[in-house]
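> Just target-v5.txt, nothing more (compact mmCIF, C-alpha atoms and all ligand atoms):
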```
# COMPACT_ATOMS: atom_id res chain seq x y z
CA MET A 1 115.27 125.46 88.97
CA LYS A 2 117.41 122.42 88.03
CA GLU A 3 115.70 119.12 88.73
CA LYS A 4 117.21 117.17 91.62
CA ILE A 5 119.12 113.92 91.02
CA VAL A 6 118.12 110.87 93.04
CA TYR A 7 120.30 107.75 93.31
CA MET A 8 119.22 104.27 94.34
CA CYS A 9 121.19 101.02 94.20
CA MET A 10 119.34 97.82 93.33
CA SER A 11 120.39 94.21 93.31
CA THR A 12 117.13 92.27 93.30
CA ASP A 13 116.23 89.80 90.57
CA VAL A 14 112.50 89.82 91.34
CA ILE A 15 110.72 93.13 91.47
CA HIS A 16 107.81 93.05 93.90
CA GLY A 17 105.38 95.61 95.36
CA GLY A 18 107.87 96.66 98.05
CA HIS A 19 110.43 97.73 95.44
CA ILE A 20 107.81 99.52 93.34
CA SER A 21 106.62 101.45 96.36
CA ILE A 22 110.14 102.70 97.18
CA ILE A 23 110.81 103.56 93.50
CA ASN A 24 107.57 105.55 93.38
CA LYS A 25 108.63 107.54 96.42
CA ALA A 26 112.17 108.05 95.05
CA LYS A 27 111.06 109.35 91.67
CA LYS A 28 108.92 112.03 93.32
CA LEU A 29 112.18 113.52 94.66
CA GLY A 30 113.68 114.11 91.17
CA LYS A 31 115.33 112.30 88.25
CA LEU A 32 115.92 108.74 89.41
CA ILE A 33 119.21 107.02 88.58
CA ILE A 34 119.34 103.32 89.45
CA GLY A 35 122.75 101.75 90.11
CA VAL A 36 122.63 98.05 89.23
CA LEU A 37 124.89 96.03 91.46
CA SER A 38 127.26 93.68 89.61
CA ASP A 39 126.76 89.91 90.01
CA GLU A 40 130.03 89.69 91.93
CA ALA A 41 128.99 92.37 94.43
CA VAL A 42 125.53 90.82 94.91
CA SER A 43 126.95 87.38 95.59
CA SER A 44 129.45 88.80 98.08
CA TYR A 45 126.71 89.79 100.53
CA LYS A 46 123.54 87.89 99.74
CA ARG A 47 122.35 84.99 97.69
CA PHE A 48 123.74 84.40 94.20
CA PRO A 49 121.61 86.28 91.63
CA LEU A 50 119.36 83.96 89.64
CA VAL A 51 118.99 86.69 87.00
CA PRO A 52 122.38 87.94 85.72
CA TYR A 53 123.45 91.60 85.67
CA GLU A 54 122.60 92.26 81.99
CA GLU A 55 119.06 90.99 82.44
CA ARG A 56 118.51 92.84 85.71
CA LYS A 57 119.64 96.02 83.96
CA ILE A 58 116.96 95.59 81.27
CA LEU A 59 114.39 94.92 83.98
CA TYR A 60 115.14 98.21 85.74
CA GLN A 61 115.41 100.21 82.49
CA ASN A 62 111.82 99.32 81.78
CA LEU A 63 110.44 100.51 85.09
CA ASP A 64 108.17 103.52 84.85
CA GLY A 65 109.80 106.79 85.90
CA VAL A 66 113.42 105.60 85.91
CA TYR A 67 115.62 108.28 84.31
CA LYS A 68 118.80 106.28 83.88
CA VAL A 69 120.30 102.89 84.76
CA VAL A 70 124.03 102.59 85.44
CA GLU A 71 126.34 99.87 86.71
CA GLN A 72 127.47 99.86 90.34
CA LYS A 73 130.45 97.50 90.34
CA GLU A 74 131.10 97.40 94.07
CA LEU A 75 129.02 97.45 97.23
CA SER A 76 130.57 100.83 97.98
CA TYR A 77 128.58 103.68 96.39
CA LYS A 78 131.71 105.89 96.27
CA LYS A 79 132.50 105.80 92.54
CA ASN A 80 128.94 106.47 91.38
CA LEU A 81 128.34 109.17 93.98
CA GLU A 82 131.45 110.97 92.75
CA ILE A 83 130.28 110.78 89.13
CA TYR A 84 126.59 111.66 89.56
CA LYS A 85 126.68 113.79 92.74
CA PRO A 86 123.04 112.97 93.58
CA ASP A 87 121.04 115.38 95.73
CA TYR A 88 119.35 112.40 97.35
CA VAL A 89 120.37 108.80 97.96
CA VAL A 90 117.38 106.58 98.70
CA HIS A 91 117.51 103.30 100.66
CA GLY A 92 115.39 101.17 102.98
CA ASP A 93 116.22 101.66 106.66
CA ASN A 94 117.39 98.04 107.00
CA TRP A 95 121.04 98.93 106.46
CA LYS A 96 121.42 100.86 109.71
CA SER A 97 122.87 97.74 111.31
CA GLY A 98 124.61 94.61 110.06
CA TYR A 99 127.04 94.19 107.19
CA GLN A 100 125.78 97.19 105.23
CA LYS A 101 126.30 99.63 108.10
CA PRO A 102 129.82 100.75 107.00
CA ILE A 103 128.51 101.24 103.44
CA ARG A 104 125.74 103.49 104.75
CA GLU A 105 128.25 105.49 106.80
CA GLU A 106 130.45 106.01 103.74
CA VAL A 107 127.43 107.22 101.73
CA ILE A 108 126.55 109.77 104.44
CA GLU A 109 130.15 111.01 104.58
CA ILE A 110 130.42 111.48 100.81
CA ILE A 111 127.06 113.12 100.13
CA SER A 112 127.18 115.42 103.13
CA SER A 113 130.50 116.81 101.81
CA TYR A 114 128.58 118.50 98.96
CA GLY A 115 125.18 118.98 100.65
CA GLY A 116 123.46 115.77 99.50
CA GLN A 117 120.94 113.98 101.69
CA LEU A 118 120.17 110.36 102.60
CA VAL A 119 116.46 109.51 102.48
CA GLU A 120 115.50 106.27 104.19
CA TYR A 121 112.10 104.62 104.01
CA PRO A 122 110.93 101.90 106.40
CA TYR A 123 111.97 98.50 105.08
CA SER A 124 108.95 96.33 104.36
CA LYS A 125 108.69 93.34 106.70
CA ASP A 126 105.70 91.99 104.81
CA GLN A 127 105.68 88.17 105.00
CA LYS A 128 104.74 87.85 101.31
CA TYR A 129 108.01 89.55 100.28
CA LYS A 130 109.99 87.30 102.61
CA ASP A 131 108.22 84.31 101.03
CA ILE A 132 109.27 85.45 97.54
CA ASP A 133 112.89 85.64 98.65
CA ASP A 134 112.70 82.21 100.31
CA MET A 135 111.27 80.81 97.09
CA MET A 136 114.19 82.24 95.09
CA ARG A 137 116.65 80.83 97.63
CA ARG A 138 115.08 77.38 97.26
CA GLU A 139 115.51 77.66 93.46
CA LEU A 140 119.23 77.99 94.04
CA SER A 141 119.34 74.63 95.78
CA LEU A 142 117.74 72.82 92.82
CA PRO A 143 120.27 70.31 91.42
CA ASN A 144 120.79 71.78 87.93
CA ILE A 145 121.00 75.36 89.18
CA ARG A 146 123.47 74.44 91.91
CA CYS A 147 125.56 72.34 89.52
CA GLN A 148 125.91 75.18 86.95
CA ARG A 149 126.83 77.72 89.57
CA LEU A 150 130.48 76.67 89.93
CA ARG A 151 131.27 77.45 86.29
CA LYS A 152 129.36 80.74 86.59
CA VAL A 153 131.22 81.88 89.68
CA LEU A 154 134.56 80.83 88.16
CA ASP A 155 133.84 82.91 85.04
CA MET A 156 132.74 85.81 87.20
CA LYS A 157 135.64 85.93 89.63
CA GLY A 158 138.64 84.18 88.08
CA LEU A 159 139.68 82.89 91.50
CA ILE A 160 137.26 81.34 93.94
CA THR A 161 137.65 80.25 97.56
CA VAL A 162 136.27 76.96 98.80
CA MET A 163 135.85 75.81 102.39
CA GLU A 164 135.43 72.25 103.66
CA ALA A 165 132.06 71.11 104.98
CA HIS A 166 131.45 67.68 106.47
CA SER A 167 127.92 68.04 107.92
CA GLY A 168 124.79 70.16 107.74
CA LEU A 169 126.17 72.41 110.48
CA THR A 170 129.55 73.03 108.84
CA GLY A 171 127.69 73.50 105.54
CA LEU A 172 125.70 76.29 107.20
CA ILE A 173 128.91 77.92 108.41
CA VAL A 174 130.34 77.90 104.88
CA GLU A 175 127.03 79.09 103.45
CA LYS A 176 126.52 82.00 105.83
CA THR A 177 129.84 83.28 107.16
CA THR A 178 130.33 86.83 105.84
CA ILE A 179 132.93 89.39 106.80
CA ASN A 180 133.43 93.09 106.17
CA GLU A 181 136.66 93.74 104.29
CA GLU A 182 138.93 96.70 105.00
CA HIS A 183 138.33 98.36 101.63
CA GLY A 184 134.56 98.37 102.17
CA GLY A 185 133.46 95.16 100.45
CA LEU A 186 132.04 91.99 101.94
CA LYS A 187 133.41 88.49 101.55
CA GLN A 188 131.97 84.97 101.67
CA PHE A 189 133.21 81.56 100.53
CA ASP A 190 132.16 80.69 96.99
CA ALA A 191 131.76 76.93 97.31
CA MET A 192 132.13 73.89 99.58
CA TRP A 193 134.63 71.01 99.58
CA VAL A 194 133.41 67.63 100.75
CA SER A 195 136.78 66.24 101.80
CA SER A 196 137.47 62.53 102.15
CA LEU A 197 139.75 63.31 105.09
CA CYS A 198 137.12 65.28 107.00
CA ASP A 199 134.21 63.02 106.05
CA SER A 200 136.21 60.01 107.31
CA THR A 201 137.55 61.78 110.43
CA GLU A 202 134.04 62.89 111.40
CA LYS A 203 133.09 59.21 111.40
CA GLY A 204 136.20 58.23 113.38
CA LYS A 205 137.64 56.35 110.40
CA PRO A 206 140.97 56.60 108.53
CA ASP A 207 141.14 58.37 105.16
CA ILE A 208 141.65 55.20 103.08
CA GLU A 209 138.48 55.03 100.94
CA LEU A 210 136.91 53.04 103.77
CA VAL A 211 133.82 55.25 104.09
CA ASP A 212 131.74 53.94 101.21
CA MET A 213 130.09 56.06 98.52
CA THR A 214 126.59 55.58 99.95
CA SER A 215 127.75 57.15 103.19
CA ARG A 216 129.64 59.93 101.35
CA PHE A 217 126.48 60.73 99.36
CA ARG A 218 124.55 60.92 102.64
CA THR A 219 126.98 63.61 103.84
CA ILE A 220 126.45 65.55 100.62
CA ASP A 221 122.71 65.25 101.05
CA ASP A 222 122.86 66.56 104.65
CA ILE A 223 124.80 69.58 103.41
CA MET A 224 122.58 70.13 100.39
CA GLU A 225 119.44 70.11 102.43
CA VAL A 226 120.40 73.33 104.25
CA THR A 227 122.63 75.21 101.77
CA THR A 228 122.71 76.58 98.22
CA LYS A 229 126.41 77.00 97.39
CA PRO A 230 128.12 74.78 94.82
CA ILE A 231 129.83 71.60 95.98
CA ILE A 232 133.19 70.14 94.97
CA PHE A 233 133.43 66.48 95.93
CA ASP A 234 136.64 64.70 96.86
CA GLY A 235 136.24 61.46 94.91
CA ASP A 236 139.53 59.93 96.18
CA THR A 237 140.91 57.70 93.37
CA GLY A 238 137.47 57.41 91.76
CA GLY A 239 137.76 53.63 92.30
CA LEU A 240 137.42 51.29 89.35
CA LYS A 241 136.55 52.96 86.04
CA GLU A 242 133.41 50.80 85.91
CA HIS A 243 132.37 52.16 89.33
CA PHE A 244 133.42 55.75 88.68
CA VAL A 245 130.85 56.20 85.91
CA TYR A 246 128.08 55.48 88.41
CA THR A 247 129.59 57.94 90.90
CA VAL A 248 129.64 60.63 88.22
CA ARG A 249 126.00 60.06 87.32
CA THR A 250 124.90 60.11 90.96
CA LEU A 251 126.86 63.27 91.78
CA GLU A 252 125.48 65.01 88.71
CA ARG A 253 121.93 63.97 89.57
CA MET A 254 122.38 65.33 93.10
CA GLY A 255 123.59 68.73 91.84
CA VAL A 256 127.29 68.46 92.75
CA SER A 257 129.38 70.71 90.48
CA MET A 258 132.75 68.99 90.38
CA VAL A 259 134.44 65.75 91.37
CA ILE A 260 138.20 65.66 91.91
CA ILE A 261 139.91 62.29 91.45
CA GLU A 262 143.55 61.62 92.24
CA ASP A 263 145.91 59.56 90.09
CA LYS A 264 146.63 56.81 92.63
CA ILE A 265 145.75 53.12 92.75
CA GLY A 266 145.64 50.44 95.42
CA LEU A 267 145.20 51.32 99.08
CA LYS A 268 144.92 55.09 99.04
CA LYS A 269 146.41 56.95 101.99
CA ASN A 270 146.10 60.67 102.68
CA SER A 271 148.51 62.66 100.47
CA LEU A 272 149.89 64.61 103.41
CA PHE A 273 151.70 61.41 104.51
CA GLY A 274 153.71 61.82 101.29
CA THR A 275 156.37 59.11 100.90
CA GLU A 276 156.20 58.12 104.60
CA VAL A 277 153.66 55.48 103.61
CA GLU A 278 153.44 53.28 100.55
CA GLN A 279 151.30 54.89 97.85
CA THR A 280 151.18 53.98 94.18
CA GLN A 281 150.56 56.40 91.33
CA ASP A 282 148.36 55.19 88.51
CA ASP A 283 149.88 55.04 85.04
CA ILE A 284 148.92 57.86 82.72
CA GLU A 285 147.03 55.74 80.23
CA ASN A 286 144.91 54.05 82.85
CA PHE A 287 143.99 57.30 84.58
CA CYS A 288 143.13 58.92 81.22
CA GLU A 289 140.75 56.03 80.55
CA LYS A 290 138.99 56.78 83.86
CA ILE A 291 138.66 60.48 83.00
CA LYS A 292 137.30 59.65 79.54
CA ALA A 293 134.77 57.18 80.96
CA GLY A 294 133.58 59.78 83.48
CA LYS A 295 133.19 62.48 80.82
CA LEU A 296 131.23 60.09 78.63
CA ALA A 297 128.97 59.15 81.54
CA GLN A 298 127.86 62.66 82.48
CA LYS A 299 124.65 63.92 80.95
CA SER A 300 124.93 67.71 81.20
CA LYS A 301 127.69 70.02 79.99
CA ASP A 302 127.97 71.66 83.41
CA PHE A 303 129.42 68.93 85.61
CA MET A 304 133.21 69.08 85.92
CA ILE A 305 135.78 66.35 86.41
CA CYS A 306 139.08 67.54 87.84
CA ALA A 307 142.23 65.42 87.63
CA ARG A 308 144.47 65.59 90.68
CA ILE A 309 148.17 65.03 90.10
CA GLU A 310 150.16 63.37 92.88
CA SER A 311 153.63 63.56 91.27
CA LEU A 312 154.96 66.22 93.66
CA ILE A 313 153.53 64.38 96.69
CA LEU A 314 155.22 61.17 95.54
CA GLU A 315 158.41 63.09 94.65
CA VAL A 316 158.60 62.02 91.02
CA GLY A 317 159.21 65.53 89.77
CA LEU A 318 157.83 68.52 87.94
CA GLU A 319 158.27 67.08 84.45
CA ASP A 320 156.15 64.06 85.37
CA ALA A 321 153.46 66.37 86.80
CA LEU A 322 153.42 68.46 83.61
CA LYS A 323 153.34 65.42 81.35
CA ARG A 324 150.36 64.12 83.29
CA ALA A 325 148.58 67.48 83.23
CA ARG A 326 148.82 67.60 79.42
CA ALA A 327 147.56 64.04 79.07
CA TYR A 328 144.68 64.48 81.53
CA VAL A 329 143.49 67.67 79.80
CA LYS A 330 143.63 65.83 76.46
CA ALA A 331 141.56 63.01 77.97
CA GLY A 332 138.85 65.55 78.85
CA ALA A 333 139.65 66.76 82.39
CA ASP A 334 137.85 70.07 83.03
CA ALA A 335 140.39 71.19 85.64
CA ILE A 336 143.76 70.18 87.08
CA MET A 337 144.60 69.97 90.76
CA ILE A 338 148.27 70.04 91.72
CA HIS A 339 149.13 69.00 95.27
CA SER A 340 152.22 69.37 97.45
CA ARG A 341 153.03 68.81 101.09
CA LYS A 342 155.99 71.20 101.18
CA LYS A 343 155.76 74.24 103.42
CA GLU A 344 157.33 76.43 100.75
CA PRO A 345 155.15 77.00 97.70
CA ASP A 346 158.06 76.89 95.18
CA GLU A 347 157.22 73.56 93.54
CA ILE A 348 153.53 74.51 93.30
CA PHE A 349 154.39 77.82 91.60
CA ASP A 350 156.93 76.09 89.29
CA PHE A 351 154.13 73.80 88.14
CA VAL A 352 151.48 76.50 87.88
CA ASP A 353 153.74 78.93 85.95
CA LYS A 354 154.89 76.25 83.51
CA PHE A 355 151.38 74.85 82.97
CA ARG A 356 149.89 78.32 82.52
CA SER A 357 152.53 79.27 79.95
CA GLU A 358 151.23 76.48 77.70
CA ASN A 359 147.57 76.30 78.77
CA LYS A 360 145.71 79.53 79.50
CA ILE A 361 142.24 78.16 80.09
CA THR A 362 142.06 74.94 82.11
CA PRO A 363 141.26 75.90 85.72
CA ILE A 364 143.98 75.09 88.26
CA VAL A 365 143.05 73.94 91.77
CA VAL A 366 145.31 74.08 94.84
CA VAL A 367 144.88 72.90 98.43
CA PRO A 368 147.23 75.05 100.54
CA THR A 369 147.21 73.04 103.78
CA SER A 370 151.03 72.87 103.97
CA PHE A 371 151.98 75.94 101.90
CA ASN A 372 149.54 78.03 103.90
CA SER A 373 151.49 81.30 103.90
CA VAL A 374 150.45 82.05 100.31
CA THR A 375 147.56 84.49 99.96
CA GLU A 376 144.69 84.15 97.51
CA GLU A 377 145.95 87.27 95.70
CA GLU A 378 149.36 85.64 95.11
CA PHE A 379 147.72 82.47 93.80
CA LYS A 380 145.61 84.55 91.44
CA LYS A 381 148.65 86.35 90.05
CA HIS A 382 150.16 82.98 89.10
CA GLY A 383 146.95 81.86 87.38
CA VAL A 384 145.37 79.60 90.03
CA ASN A 385 141.57 79.53 89.90
CA ILE A 386 140.34 77.47 92.85
CA VAL A 387 141.76 77.61 96.39
CA ILE A 388 140.42 74.91 98.70
CA TYR A 389 140.72 75.20 102.49
CA ALA A 390 140.39 71.46 102.91
CA ASN A 391 140.29 70.64 106.62
CA GLN A 392 140.44 73.73 108.87
CA LEU A 393 136.90 73.52 110.30
CA ILE A 394 137.28 70.00 111.60
CA ARG A 395 140.80 70.76 112.85
CA ALA A 396 139.42 73.73 114.79
CA ALA A 397 136.52 71.74 116.26
CA PHE A 398 138.60 68.82 117.52
CA PRO A 399 140.83 70.65 120.07
CA ALA A 400 137.85 72.76 121.21
CA MET A 401 135.82 69.62 121.99
CA GLN A 402 138.77 67.85 123.55
CA ASN A 403 139.46 70.79 125.91
CA VAL A 404 135.86 70.80 127.10
CA ALA A 405 135.91 67.03 127.72
CA LYS A 406 139.15 67.34 129.72
CA SER A 407 137.87 70.26 131.78
CA ILE A 408 134.71 68.38 132.80
CA LEU A 409 136.82 65.38 133.85
CA GLN A 410 139.16 67.62 135.84
CA ASN A 411 136.48 69.69 137.58
CA HIS A 412 133.83 67.00 138.10
CA ARG A 413 131.28 69.49 136.76
CA ALA A 414 130.54 71.59 133.67
CA LYS A 415 130.49 75.11 135.16
CA GLU A 416 134.08 75.88 134.07
CA VAL A 417 133.38 75.22 130.38
CA ASP A 418 130.36 77.50 130.17
CA ASP A 419 132.38 80.48 128.95
CA ILE A 420 133.87 78.58 126.03
CA CYS A 421 130.57 77.00 124.97
CA ILE A 422 127.81 78.62 122.95
CA SER A 423 124.89 79.37 125.32
CA ILE A 424 121.90 77.03 125.52
CA LYS A 425 119.64 79.80 124.27
CA ASP A 426 121.91 80.36 121.26
CA ILE A 427 122.30 76.67 120.41
CA ILE A 428 118.56 75.96 120.54
CA THR A 429 117.81 78.95 118.33
CA LEU A 430 120.87 78.63 116.07
CA ILE A 431 118.92 76.85 113.40
CA PRO A 432 115.40 78.14 112.76
CA GLU A 433 112.78 75.43 112.33
CA ASP A 434 111.58 76.85 109.03
CA TYR A 435 115.03 77.11 107.44
C1 LIG B 501 141.04 65.86 101.53
O1 LIG B 501 140.68 66.92 102.06
O2 LIG B 501 140.55 64.76 101.82
C2 LIG B 501 142.08 65.86 100.51
C3 LIG B 501 143.09 66.94 100.50
O3 LIG B 501 142.11 64.96 99.71
S1 LIG B 501 144.46 66.32 101.35
O4 LIG B 501 144.04 65.92 102.69
O5 LIG B 501 145.45 67.39 101.43
O6 LIG B 501 145.00 65.19 100.63
MG MG B 502 140.93 63.32 100.20
```
Starting from the file, lay out its structure as C-alpha cells.

Amino acid sequence: MKEKIVYMCMSTDVIHGGHISIINKAKKLGKLIIGVLSDEAVSSYKRFPLVPYEERKILYQNLDGVYKVVEQKELSYKKNLEIYKPDYVVHGDNWKSGYQKPIREEVIEIISSYGGQLVEYPYSKDQKYKDIDDMMRRELSLPNIRCQRLRKVLDMKGLITVMEAHSGLTGLIVEKTTINEEHGGLKQFDAMWVSSLCDSTEKGKPDIELVDMTSRFRTIDDIMEVTTKPIIFDGDTGGLKEHFVYTVRTLERMGVSMVIIEDKIGLKKNSLFGTEVEQTQDDIENFCEKIKAGKLAQKSKDFMICARIESLILEVGLEDALKRARAYVKAGADAIMIHSRKKEPDEIFDFVDKFRSENKITPIVVVPTSFNSVTEEEFKKHGVNIVIYANQLIRAAFPAMQNVAKSILQNHRAKEVDDICISIKDIITLIPEDY
C-alpha cells in the first residue's frame, strides 16, 4: 500500500517540546511534508520572525522524521494542497476560532474534495511555551533589532504601510490591529509614525516645533515600552545642524528606525496650511549640510534619514522638487518624502514617476492625507515604498470624545453615552498587567 502523505505548516523560529510532540504524532501518520511559511506571511498574522525563512527552512529540514520541506508563500494552504494532495493535514486545535478560522475552513473544503482529512491535536497551553514566545517578543523590542526591522520589512514587501501613534494606547492599536482580507490573507500595519502634528495636538499645542525633543522622546518611549514594530519619527525641520546630530544619536540609541526632516527653516507651520501661512524653504546647500551631518553622526548602518521635500506644498514646482531630491540623495539621504496638499494625486505621481525613472532604489515616502483616494496598490505601481497614515487615529478620537462630553452636558448624566463607550469591564481588562 502507498504510504500516506501528511502536511503541516510551520512558522515558528524556536522549536520547543510542544512542536516536537506534534511532529512526532504527525510523522506516525505517514510521510511528513512541512510547509515553511514565508517571512511576509508570518509577519502578517503574528510577530515578525527573528529567524528568517531560509534559516527556519534549514531548522525544519534537520528535524528527525521530516520527509520534505517546502515553501508556503501565503497563509492560505491552497497552492500546496493542490500540489501535494496530502491524505492528512495536521494542526493544533487553536485555529478553530480567531483570524485563522477562515484558513482552516478553506483547508477542510479543499482536502475533503479528494478524501483528505484534517487531524487536530490539542494546542499546548503550557506556561513554559508561552514564556518562550514572550521572551522572543521582548527580543523584538530591543533597540538594535527594532531599528533594523524597517529596512528588513521594506526589502521584504516593497511597499509598507505606517500608522500614526501618539501614546502607548495608540501604539498598541497599531501593534495589534489585524484584519482578514478578502483573498484569505491577514493584514497588519508594518510600522508606526510619531507625527509632530499628533504629538503636539495630544498635548493641546500647535504644530510649530513647540513641543521640545525631550517631550517627543518621552512619547517614543511610552510607545516603545508596549510595542515591537519599527518607528518612523517626524523630526520637523531637524532644527539646527548642531542640534540635529544629537537628535540622530538619541533616536538611534532608542531603536527608532528612521527620522524624516523637512526642508524648511524659521517658524515651521504644518504643511497642510500650504501657502496660507508664511513658511520658508531652506536652501539646498544648507539642507544637504544637515543631512550630511546626520549621516556622519549615526553609529550603525541601519538607521535611516529621510529628506522631506516641501516644494509642492510651497508651490515652487516639480522641477525644484526633483532638483532637491537629486541633491538630498547625493548628500546621503536614505529616502525621499514628497508631500502635497492637493486632493488630486497628479503632482505626487508626476514627481514619483520622474524620480523613479532616474533613481530606481531610493525609497519614496508619501503621506496621503489630502490625496486620500489613492490605494496602496496604485502607489506601489508607481514605485512608492512607504505610505504613512499620519493623523487618522487622533482625528477619529477627537469627535468621539467631544460627542460624549456634549451628551453628558445635555443630559445631566452619563447613561446616554454608555452605548458609545467601551464597557468598564473591557477598559479595565484591555491592557493585561503582565504585558
Ligand atoms: C505630521 O504628521 O506631523 C506631518 C505630516 O508632518 S503633515 O501633517 O501632513 O505635514
Ligand atoms: Mg509634522
> Measuring atom to atom with all atoms listed in the file, identify which of A:Ala41, A:Ile5, A:Val256, A:Ile424 is nearest to Lys157 of chain A.
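Among A:Ala41, A:Ile5, A:Val256, A:Ile424, it is A:Ala41 that comes nearest to Lys157 of chain A.
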> So what do you get for atom CA of Glu182 of chain A versus atom CA of Val107 of chain A, distance-wise?
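Spanning atom CA of Glu182 of chain A to atom CA of Val107 of chain A is a straight-line distance of 15.9 Å.
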> Take every atom of segment 39-52 of chain A listed in the file, pad by 8 Å on each side, and give me the axis-aligned box centre and edge lengths in Å, one decimal, as JSON.

```
{"center_x": 124.5, "center_y": 88.2, "center_z": 93.1, "size_x": 27.0, "size_y": 24.4, "size_z": 30.8}
```
> What is the distance between atom CA of Ala325 of chain A and atom CA of Gln281 of chain A, in Å to one decimal?
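A separation of 13.9 Å between them.
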> Name the closest residue to Lys128 of chain A among the candidates A:Tyr77, A:Gly17, A:Glu106, A:Val66; distances are taken between atoms, counting all atoms listed in the file.
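Comparing A:Tyr77, A:Gly17, A:Glu106, A:Val66 against Lys128 of chain A, the winner is A:Gly17.
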> Hey, what's within 7 Å of segment 305-316 of chain A if we count all atoms listed in the file and toss same-chain stuff fewer than 2 positions away? As a ChimeraX atom specification, please?
/A:258-263,271,274-275,303,318,320-321,328,333-341
> Can I get the residues of chain A within 12 Å of ligand MG 502 (chain B), each with the closest pair of atoms and their distance in Å to one decimal, using only C-alpha atoms and all ligand atoms, sorted chain first then ascending number, as JSON lines?

```
{"residue": "A:Glu164", "atom": "CA", "partner": "B:MG502", "partner_atom": "MG", "distance": 11.0}
{"residue": "A:Trp193", "atom": "CA", "partner": "B:MG502", "partner_atom": "MG", "distance": 10.0}
{"residue": "A:Val194", "atom": "CA", "partner": "B:MG502", "partner_atom": "MG", "distance": 8.7}
{"residue": "A:Ser195", "atom": "CA", "partner": "B:MG502", "partner_atom": "MG", "distance": 5.3}
{"residue": "A:Ser196", "atom": "CA", "partner": "B:MG502", "partner_atom": "MG", "distance": 4.0}
{"residue": "A:Leu197", "atom": "CA", "partner": "B:MG502", "partner_atom": "MG", "distance": 5.0}
{"residue": "A:Cys198", "atom": "CA", "partner": "B:MG502", "partner_atom": "MG", "distance": 8.0}
{"residue": "A:Asp199", "atom": "CA", "partner": "B:MG502", "partner_atom": "MG", "distance": 8.9}
{"residue": "A:Ser200", "atom": "CA", "partner": "B:MG502", "partner_atom": "MG", "distance": 9.2}
{"residue": "A:Thr201", "atom": "CA", "partner": "B:MG502", "partner_atom": "MG", "distance": 10.9}
{"residue": "A:Pro206", "atom": "CA", "partner": "B:MG502", "partner_atom": "MG", "distance": 10.7}
{"residue": "A:Asp207", "atom": "CA", "partner": "B:MG502", "partner_atom": "MG", "distance": 7.0}
{"residue": "A:Ile208", "atom": "CA", "partner": "B:MG502", "partner_atom": "MG", "distance": 8.6}
{"residue": "A:Glu209", "atom": "CA", "partner": "B:MG502", "partner_atom": "MG", "distance": 8.7}
{"residue": "A:Leu210", "atom": "CA", "partner": "B:MG502", "partner_atom": "MG", "distance": 11.6}
{"residue": "A:Val211", "atom": "CA", "partner": "B:MG502", "partner_atom": "MG", "distance": 11.4}
{"residue": "A:Arg216", "atom": "CA", "partner": "B:MG502", "partner_atom": "MG", "distance": 11.8}
{"residue": "A:Ile232", "atom": "CA", "partner": "B:MG502", "partner_atom": "MG", "distance": 11.6}
{"residue": "A:Phe233", "atom": "CA", "partner": "B:MG502", "partner_atom": "MG", "distance": 9.2}
{"residue": "A:Asp234", "atom": "CA", "partner": "B:MG502", "partner_atom": "MG", "distance": 5.6}
{"residue": "A:Gly235", "atom": "CA", "partner": "B:MG502", "partner_atom": "MG", "distance": 7.3}
{"residue": "A:Asp236", "atom": "CA", "partner": "B:MG502", "partner_atom": "MG", "distance": 5.4}
{"residue": "A:Thr237", "atom": "CA", "partner": "B:MG502", "partner_atom": "MG", "distance": 8.8}
{"residue": "A:Gly238", "atom": "CA", "partner": "B:MG502", "partner_atom": "MG", "distance": 10.9}
{"residue": "A:Val259", "atom": "CA", "partner": "B:MG502", "partner_atom": "MG", "distance": 11.2}
{"residue": "A:Ile260", "atom": "CA", "partner": "B:MG502", "partner_atom": "MG", "distance": 9.0}
{"residue": "A:Ile261", "atom": "CA", "partner": "B:MG502", "partner_atom": "MG", "distance": 8.9}
{"residue": "A:Glu262", "atom": "CA", "partner": "B:MG502", "partner_atom": "MG", "distance": 8.6}
{"residue": "A:Asp263", "atom": "CA", "partner": "B:MG502", "partner_atom": "MG", "distance": 11.9}
{"residue": "A:Lys264", "atom": "CA", "partner": "B:MG502", "partner_atom": "MG", "distance": 11.5}
{"residue": "A:Lys268", "atom": "CA", "partner": "B:MG502", "partner_atom": "MG", "distance": 9.2}
{"residue": "A:Lys269", "atom": "CA", "partner": "B:MG502", "partner_atom": "MG", "distance": 8.6}
{"residue": "A:Asn270", "atom": "CA", "partner": "B:MG502", "partner_atom": "MG", "distance": 6.3}
{"residue": "A:Ser271", "atom": "CA", "partner": "B:MG502", "partner_atom": "MG", "distance": 7.6}
{"residue": "A:Leu272", "atom": "CA", "partner": "B:MG502", "partner_atom": "MG", "distance": 9.6}
{"residue": "A:Phe273", "atom": "CA", "partner": "B:MG502", "partner_atom": "MG", "distance": 11.8}
{"residue": "A:Arg308", "atom": "CA", "partner": "B:MG502", "partner_atom": "MG", "distance": 10.4}
{"residue": "A:Glu310", "atom": "CA", "partner": "B:MG502", "partner_atom": "MG", "distance": 11.8}
{"residue": "A:His339", "atom": "CA", "partner": "B:MG502", "partner_atom": "MG", "distance": 11.1}
{"residue": "A:Val367", "atom": "CA", "partner": "B:MG502", "partner_atom": "MG", "distance": 10.5}
{"residue": "A:Ile388", "atom": "CA", "partner": "B:MG502", "partner_atom": "MG", "distance": 11.7}
{"residue": "A:Ala390", "atom": "CA", "partner": "B:MG502", "partner_atom": "MG", "distance": 8.6}
{"residue": "A:Asn391", "atom": "CA", "partner": "B:MG502", "partner_atom": "MG", "distance": 9.8}
```
> Which neighbours of Leu140 of chain A fall inside 12 Å, counting all atoms listed in the file, when residues of the same chain fewer than 2 positions from it are skipped, and could you give them as number ranges by chain?
A: 47-51, 133-138, 142-149, 224-230, 255
> Would you work out the distance separating atom CA of Phe398 of chain A from atom CA of Gln279 of chain A, expressed in Å to one decimal?
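The value is 27.2 Å.
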> Between A:Ser370, A:Gln410, A:Ser167, A:Ser112, which residue has the minimum interatomic distance to ligand LIG 501 (chain B), considering only C-alpha atoms and all ligand atoms?
A:Ser370
> I'd like the neighbourhood of Ile173 of chain A as a PyMOL selection string, where a residue qualifies if any of its atoms comes within 10 Å (using all atoms listed in the file), though same-chain residues fewer than 4 positions away should be ignored.
chain A and resi 163-165+167-169+177-178+189+227+393
> Go through A:Asp93, A:Ile103, A:Asp64, A:Tyr7 one by one, measure the shortest atom-to-atom distance of each to Gln117 of chain A using all atoms listed in the file, and give the residue with the smallest value.
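Checking each candidate against Gln117 of chain A, we get A:Tyr7 as the closest.
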